[in-house]
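To start, the structure itself, in structure tokens.
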Amino acid sequence: MDGATDPKNLPLAALHAELGAKFVPFAGWSMPVQYARGVMGEHQWTRENAGLFDVSHMGQVRLPLGADTALETLVPVDVIGLAEGRQRYAMFTNDAGGVLDDLMIARHADALFLVVNAACHAEDVAHLHAHIEGVEEVSGRALLALQGPKAAEALATILPAARDMRFMDSHVVDWNGAALWISRSGYTGEDGFEISIPDEAAEPFARSLLSDDRVEPIGLGARDALRMEAGLPLYGQDMSETISPVEAGQAWAIGKIRRTGGDRAGGFPGADTILDQLTNGAPRRRVGLKPEGRAPMRDGVELYDSADATDPIGHVTSGGFGPTVGHPIALGLIDASVPKDAPLYGDVRGKRLPVTQTTLPFTPHGYKR
Amino acid sequence: MKFTEDHEWLSADGNTITVGITPHASEQLGDVVFVELPELETQVAKGDEIVVIESVKAASDITAPIDGEIVAVNDTLADNPALVNEDPTGEGWFFKLRVDDPAALDEFMTEDEYKDHIGG
């Protein structure tokens, strides 16, 4: 992770400043955390209309098409079976069965296109280079996300092809001579798109979207609350080198073909541990948490199975306030032996506050499958 | 009204001091979703962390600006923490302290001094 050096500026930094952004350093970048509307208002806007996010801090990488076999040695996901024009969620695992980073993999006509987290970008690229020939770090391209129930209508006014895409499609589309790599996906739980675009086209493209009354710029603050309500894990908090994909509730991403009994079972780092957890259960499980009072329970809050227990049964991995649901929400990791309906207690500043286990997501997903 | 470097405002009525946070601080915090207030009749010492404010972004502490006893807390914030954003110097007050000597407030900034403080 970067820390000592000055944060890098996004390609659209001047536009964000003009739009009234407040900036914070995040994963080595100076990122817009909110605009004039504020986190709560931006959150609600995205749930009801369409929010434009600049996620250009994330790493973009291309691999030769033939690297799918080699990539399968790093992820527990079916990459070979990924059809052209489709995208799939994956994670780089480690030998202990933990996660080095989570990522998106898309298959285009001429390459595999990967999007990785900003904080892990350099490590991910080194990891890829160590195992795969022809790794290309993509530079000079911004990454924008348009998210919300009105995202498709708004995008279709300047890019009609967007309307016909379905969830997790990933297409190369021309916009005024610029090649856009666009997928119908996102990290808010809403319908939406993620758009990789050459830097020089990014500003006119963003301005064109923002000129639509349905579209407002949205900062990093709202993005975190949106993904928490959607029950989506954040790498570094809900998933990490010591939390397996199964424990993090991401076992759905591990295709049948990579599981025990599948044609390409195993063959990724930590396969023994992860496949065993899929068969026999993991020691811990991810839970949705609804604190009963109004006090948020943030990451690190220890969880107990009674008001006076001395040993915690788990902890909160992400937590805060859910503006759409109107109460505090959290994601936690707890011992698998704790019954699913057991009331829990979070230790907030020395007080044991009651918290209920709930199903995820907190707000229904709006994906267009 | 007097101001602290921690962006609290203090308003004296005899020996009773009402404490809240400034509009500048409320703006910096963003949307407030929860306020934890001290217990009534608690003796507090200057510097004690006695209020926790949770915004959608983060949790922050408010310290006692001066020694005293908590004689009132703003219970309406339990149901309506957004008052801290809507009216930080009025309806969004936090607590009232009884102090021995209101002259102790003299050490804090005037409004003009505070404006310079946040401007610089």
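Each chain of the structure tokens is named A, B, ... in the order shown, its residues numbered from 1; ligands are numbered from 1 in display order.
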
Report as a tab-separated table: every residue of chain A with an atom at most 8 Å from chain B, its closest pair of atoms, and their distance in Å to one decimal, counting only C-alpha atoms, with rows sorted by chain and ascending residue number.
residue	atom	partner	partner_atom	distance
A:Gly38	CA	B:Gly30	CA	6.7
A:Val39	CA	B:Val56	CA	7.1
A:Met40	CA	B:Asp31	CA	6.5
A:Gly221	CA	B:Lys57	CA	6.5
A:Ala225	CA	B:Val56	CA	8.0
A:Arg294	CA	B:Phe34	CA	6.2
A:Ala295	CA	B:Phe34	CA	5.9
A:Pro296	CA	B:Glu54	CA	7.3
A:Gly320	CA	B:Val56	CA	6.5
A:Phe321	CA	B:Val56	CA	5.7

Point to revise | Non-local contacts of Phe205 (chain A) (12 Å; only C-alpha atoms; under 3 positions in same chain excluded) as an NGL selection string | key: :A and (12 or 15 or 52 or 142-146 or 155 or 157-159 or 174-180 or 195-202 or 208-212)

Exercise for review: Quick one: everything within 10 Å of region 23-27 of chain A, counting only C-alpha atoms, minus sequence neighbours fewer than 5 positions away in the same chain. Send it as a list of chain:residue names.
Suggested key: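 What passes the distance filter is A:Met1, A:Asp2, A:Gly3, A:Asp6, A:Pro7, A:Lys8, A:Asn9, A:Ala13, A:His16, A:Ala17, A:Pro32, A:Val33, A:Gln34, A:Tyr35, A:His57, A:Met58, A:Asn117, A:Ala118, A:Ala119, A:Cys120, A:His121, A:Gly219, A:Leu220.
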
Exercise for review: Pick out each residue of chain B that DSSP on the backbone tags as helix (DSSP H, G or I); I need them as a count of residues only.
Suggested key: 30

Review point. What lies within 8 Å of region 5-15 of chain B using only C-alpha atoms, ignoring chain neighbours under 4 positions off, as a PyMOL selection string?
Key: chain B and resi 1+19-22+24-25+62+65+89+98-102+114+117

Go ahead and save the residues from that selection, with N, CA and C atoms, as a compact mmCIF listing (two decimals), in the first residue's frame.
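Saved result, result06.txt, follows:
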# COMPACT_ATOMS: atom_id res chain seq x y z
N MET B 1 -21.02 33.78 23.25
CA MET B 1 -20.63 32.41 22.92
C MET B 1 -19.12 32.32 22.76
N VAL B 19 -23.24 23.22 25.74
CA VAL B 19 -22.15 22.86 24.82
C VAL B 19 -22.71 22.16 23.59
N GLY B 20 -22.18 22.53 22.43
CA GLY B 20 -22.52 21.86 21.17
C GLY B 20 -21.33 21.95 20.24
N ILE B 21 -21.52 21.55 18.99
CA ILE B 21 -20.43 21.72 18.03
C ILE B 21 -20.80 22.79 17.01
N THR B 22 -19.77 23.37 16.40
CA THR B 22 -19.96 24.50 15.50
C THR B 22 -20.49 24.03 14.15
N HIS B 24 -19.21 24.61 11.37
CA HIS B 24 -18.04 24.13 10.62
C HIS B 24 -17.78 22.65 10.93
N ALA B 25 -17.81 22.30 12.23
CA ALA B 25 -17.56 20.90 12.62
C ALA B 25 -18.66 19.99 12.09
N ILE B 62 -16.22 13.91 21.44
CA ILE B 62 -16.25 15.28 21.93
C ILE B 62 -15.80 15.24 23.39
N PRO B 65 -14.99 20.44 27.75
CA PRO B 65 -14.12 21.60 27.56
C PRO B 65 -13.59 22.15 28.88
N THR B 89 -26.03 25.07 16.45
CA THR B 89 -25.86 25.99 17.57
C THR B 89 -27.17 26.23 18.32
N ARG B 98 -22.65 22.25 34.86
CA ARG B 98 -22.59 23.26 35.92
C ARG B 98 -21.13 23.41 36.33
N VAL B 99 -20.65 24.64 36.30
CA VAL B 99 -19.24 24.88 36.62
C VAL B 99 -19.16 25.76 37.86
N ASP B 100 -18.03 25.69 38.55
CA ASP B 100 -17.85 26.49 39.76
C ASP B 100 -17.67 27.95 39.42
N ASP B 101 -16.89 28.18 38.35
CA ASP B 101 -16.51 29.55 38.06
C ASP B 101 -16.64 29.83 36.57
N PRO B 102 -17.72 30.52 36.16
CA PRO B 102 -17.91 30.78 34.74
C PRO B 102 -16.77 31.61 34.12
N TYR B 114 -12.29 32.40 16.60
CA TYR B 114 -12.60 31.07 16.06
C TYR B 114 -12.63 31.11 14.54
N HIS B 117 -9.32 30.95 13.33
CA HIS B 117 -8.80 29.60 13.59
C HIS B 117 -9.19 28.65 12.46

Exercise for review: For CA of Glu107 (chain B) and CA of Ile50 (chain B), quote the distance in Å rounded to one decimal.
Suggested key: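 If I compute the distance from CA of Glu107 (chain B) to CA of Ile50 (chain B), I get 20.7 Å.
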
Exercise for review: Name the residues in contact with region 132-139 of chain A at a cut-off of 8 Å, using only C-alpha atoms, excluding same-chain residues fewer than 4 positions from it; report them as a PyMOL selection string.
Suggested key: chain A and resi 59-64+67+70-71+125+128

Review point. Which residues come within 9 Å of Arg86 (chain A), counting only C-alpha atoms, excluding same-chain residues fewer than 3 positions away, as a ChimeraX atom specification?
Key: /A:82-83,105-108,167-171,183

Selected residues written out with all heavy atoms, as a CSV table (one decimal), in the first residue's frame:
chain,number,residue,atom,x,y,z
A,82,LEU,N,-15.4,-19.2,-19.6
A,82,LEU,CA,-16.0,-17.9,-19.6
A,82,LEU,C,-16.2,-17.5,-21.1
A,82,LEU,O,-15.3,-17.4,-21.9
A,82,LEU,CB,-15.1,-16.8,-18.9
A,82,LEU,CG,-15.6,-15.4,-18.9
A,82,LEU,CD1,-16.9,-15.2,-18.1
A,82,LEU,CD2,-14.5,-14.5,-18.3
A,83,ALA,N,-17.5,-17.2,-21.5
A,83,ALA,CA,-17.8,-16.9,-22.9
A,83,ALA,C,-17.3,-15.5,-23.3
A,83,ALA,O,-17.2,-14.6,-22.4
A,83,ALA,CB,-19.3,-17.1,-23.2
A,105,ILE,N,-13.0,-10.6,-14.1
A,105,ILE,CA,-12.4,-11.1,-15.3
A,105,ILE,C,-13.4,-11.1,-16.4
A,105,ILE,O,-14.5,-11.6,-16.3
A,105,ILE,CB,-11.9,-12.6,-15.1
A,105,ILE,CG1,-11.0,-12.7,-13.9
A,105,ILE,CG2,-11.3,-13.1,-16.4
A,105,ILE,CD1,-10.7,-14.2,-13.5
A,106,ALA,N,-13.1,-10.4,-17.5
A,106,ALA,CA,-14.0,-10.4,-18.7
A,106,ALA,C,-13.2,-11.0,-19.9
A,106,ALA,O,-12.0,-10.8,-20.0
A,106,ALA,CB,-14.4,-8.9,-19.0
A,107,ARG,N,-14.0,-11.6,-20.8
A,107,ARG,CA,-13.4,-12.1,-22.0
A,107,ARG,C,-13.9,-11.3,-23.2
A,107,ARG,O,-15.0,-11.3,-23.5
A,107,ARG,CB,-13.7,-13.6,-22.2
A,107,ARG,CG,-13.0,-14.2,-23.5
A,107,ARG,CD,-13.5,-15.6,-23.7
A,107,ARG,NE,-13.0,-16.6,-22.7
A,107,ARG,CZ,-11.8,-17.2,-22.8
A,107,ARG,NH1,-11.0,-17.0,-23.8
A,107,ARG,NH2,-11.5,-18.1,-21.8
A,108,HIS,N,-12.9,-10.5,-23.8
A,108,HIS,CA,-13.2,-9.8,-25.0
A,108,HIS,C,-12.7,-10.6,-26.1
A,108,HIS,O,-12.1,-11.7,-26.0
A,108,HIS,CB,-12.6,-8.4,-24.9
A,108,HIS,CG,-13.2,-7.5,-23.9
A,108,HIS,ND1,-12.6,-6.4,-23.4
A,108,HIS,CD2,-14.3,-7.6,-23.2
A,108,HIS,CE1,-13.4,-5.8,-22.5
A,108,HIS,NE2,-14.4,-6.5,-22.3
A,167,PHE,N,-26.9,-8.4,-17.1
A,167,PHE,CA,-25.9,-8.4,-16.0
A,167,PHE,C,-24.7,-9.2,-16.3
A,167,PHE,O,-24.8,-10.4,-16.7
A,167,PHE,CB,-26.7,-8.9,-14.8
A,167,PHE,CG,-25.9,-8.9,-13.5
A,167,PHE,CD1,-25.3,-7.8,-13.0
A,167,PHE,CD2,-25.6,-10.1,-12.8
A,167,PHE,CE1,-24.6,-7.7,-11.8
A,167,PHE,CE2,-24.9,-10.1,-11.6
A,167,PHE,CZ,-24.4,-8.9,-11.1
A,168,MET,N,-23.5,-8.7,-16.1
A,168,MET,CA,-22.2,-9.3,-16.3
A,168,MET,C,-21.9,-9.5,-17.8
A,168,MET,O,-20.9,-10.3,-18.1
A,168,MET,CB,-22.1,-10.6,-15.5
A,168,MET,CG,-22.2,-10.4,-14.0
A,168,MET,SD,-20.8,-9.4,-13.4
A,168,MET,CE,-19.8,-10.7,-12.6
A,169,ASP,N,-22.6,-8.9,-18.7
A,169,ASP,CA,-22.0,-8.8,-20.1
A,169,ASP,C,-20.9,-7.8,-20.0
A,169,ASP,O,-20.9,-6.9,-19.2
A,169,ASP,CB,-23.1,-8.2,-21.0
A,169,ASP,CG,-24.0,-9.3,-21.5
A,169,ASP,OD1,-23.8,-10.5,-21.3
A,169,ASP,OD2,-25.1,-9.0,-22.2
A,170,SER,N,-19.9,-8.0,-20.9
A,170,SER,CA,-18.8,-7.1,-21.0
A,170,SER,C,-18.4,-6.9,-22.5
A,170,SER,O,-18.0,-7.9,-23.1
A,170,SER,CB,-17.5,-7.6,-20.2
A,170,SER,OG,-16.5,-6.7,-20.4
A,171,HIS,N,-18.7,-5.7,-23.0
A,171,HIS,CA,-18.6,-5.5,-24.5
A,171,HIS,C,-17.6,-4.4,-24.8
A,171,HIS,O,-17.4,-3.5,-23.9
A,171,HIS,CB,-20.0,-5.2,-25.1
A,171,HIS,CG,-20.9,-6.3,-25.0
A,171,HIS,ND1,-22.3,-6.1,-25.2
A,171,HIS,CD2,-20.8,-7.6,-24.7
A,171,HIS,CE1,-22.9,-7.3,-25.1
A,171,HIS,NE2,-22.0,-8.2,-24.8
A,183,SER,N,-19.1,-3.0,-19.0
A,183,SER,CA,-19.7,-4.2,-18.5
A,183,SER,C,-21.0,-3.7,-17.7
A,183,SER,O,-21.1,-2.6,-17.2
A,183,SER,CB,-18.8,-4.9,-17.5
A,183,SER,OG,-18.6,-4.1,-16.4

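Minimum distance to Asp272 (chain A) across A:Asp95, A:Glu84, A:Glu292, A:Asp78 (counting only C-alpha atoms) occurs at A:Asp95.
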
Exercise for review: Between CA of Gly231 (chain A) and CA of Gly322 (chain A), measure the distance and give it in Å to one decimal.
Suggested key: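 One can read the CA of Gly231 (chain A) to CA of Gly322 (chain A) distance as 11.0 Å.
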
Practice item. Write out as an NGL selection string all residues of region 186-352 of chain A that DSSP puts in strand (DSSP E) for this structure's backbone. Key: :A and (192-198 or 215-217 or 284-291 or 302-304 or 314-322 or 327-335 or 344-348 or 351-352)

Exercise for review: Find the residues near Asp67 (chain B): any atom within 7 Å, counting only C-alpha atoms, skip ones fewer than 5 places away on the same chain, and give them as a ChimeraX atom specification.
Suggested key: /B:44-46,99

Output for the residues just chosen: all heavy atoms as a short mmCIF file (atom, residue, chain, number, x, y, z; two decimals), in the first residue's frame:
data_model
loop_
_atom_site.label_atom_id
_atom_site.label_comp_id
_atom_site.auth_asym_id
_atom_site.auth_seq_id
_atom_site.Cartn_x
_atom_site.Cartn_y
_atom_site.Cartn_z
N VAL B 44 -17.40 15.56 35.33
CA VAL B 44 -16.45 15.38 34.24
C VAL B 44 -15.27 16.33 34.41
O VAL B 44 -15.39 17.39 35.01
CB VAL B 44 -17.11 15.61 32.86
CG1 VAL B 44 -18.25 14.62 32.65
CG2 VAL B 44 -17.60 17.03 32.69
N ALA B 45 -14.13 15.89 33.88
CA ALA B 45 -12.93 16.72 33.94
C ALA B 45 -12.58 17.15 32.52
O ALA B 45 -12.82 16.41 31.56
CB ALA B 45 -11.77 15.93 34.55
N LYS B 46 -12.01 18.33 32.41
CA LYS B 46 -11.59 18.85 31.12
C LYS B 46 -10.78 17.79 30.37
O LYS B 46 -9.87 17.19 30.93
CB LYS B 46 -10.73 20.10 31.34
CG LYS B 46 -10.21 20.70 30.05
CD LYS B 46 -9.48 22.01 30.31
CE LYS B 46 -8.99 22.58 28.99
NZ LYS B 46 -8.57 23.96 29.09
N VAL B 99 -20.65 24.64 36.30
CA VAL B 99 -19.24 24.88 36.62
C VAL B 99 -19.16 25.76 37.86
O VAL B 99 -20.10 26.49 38.18
CB VAL B 99 -18.50 25.55 35.45
CG1 VAL B 99 -18.52 24.66 34.22
CG2 VAL B 99 -19.07 26.92 35.12
#

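Nearest to Ser60 (chain B) of all the residues B:Gly92, B:Thr4, B:Glu41, B:Leu29 is B:Leu29, based on only C-alpha atoms.
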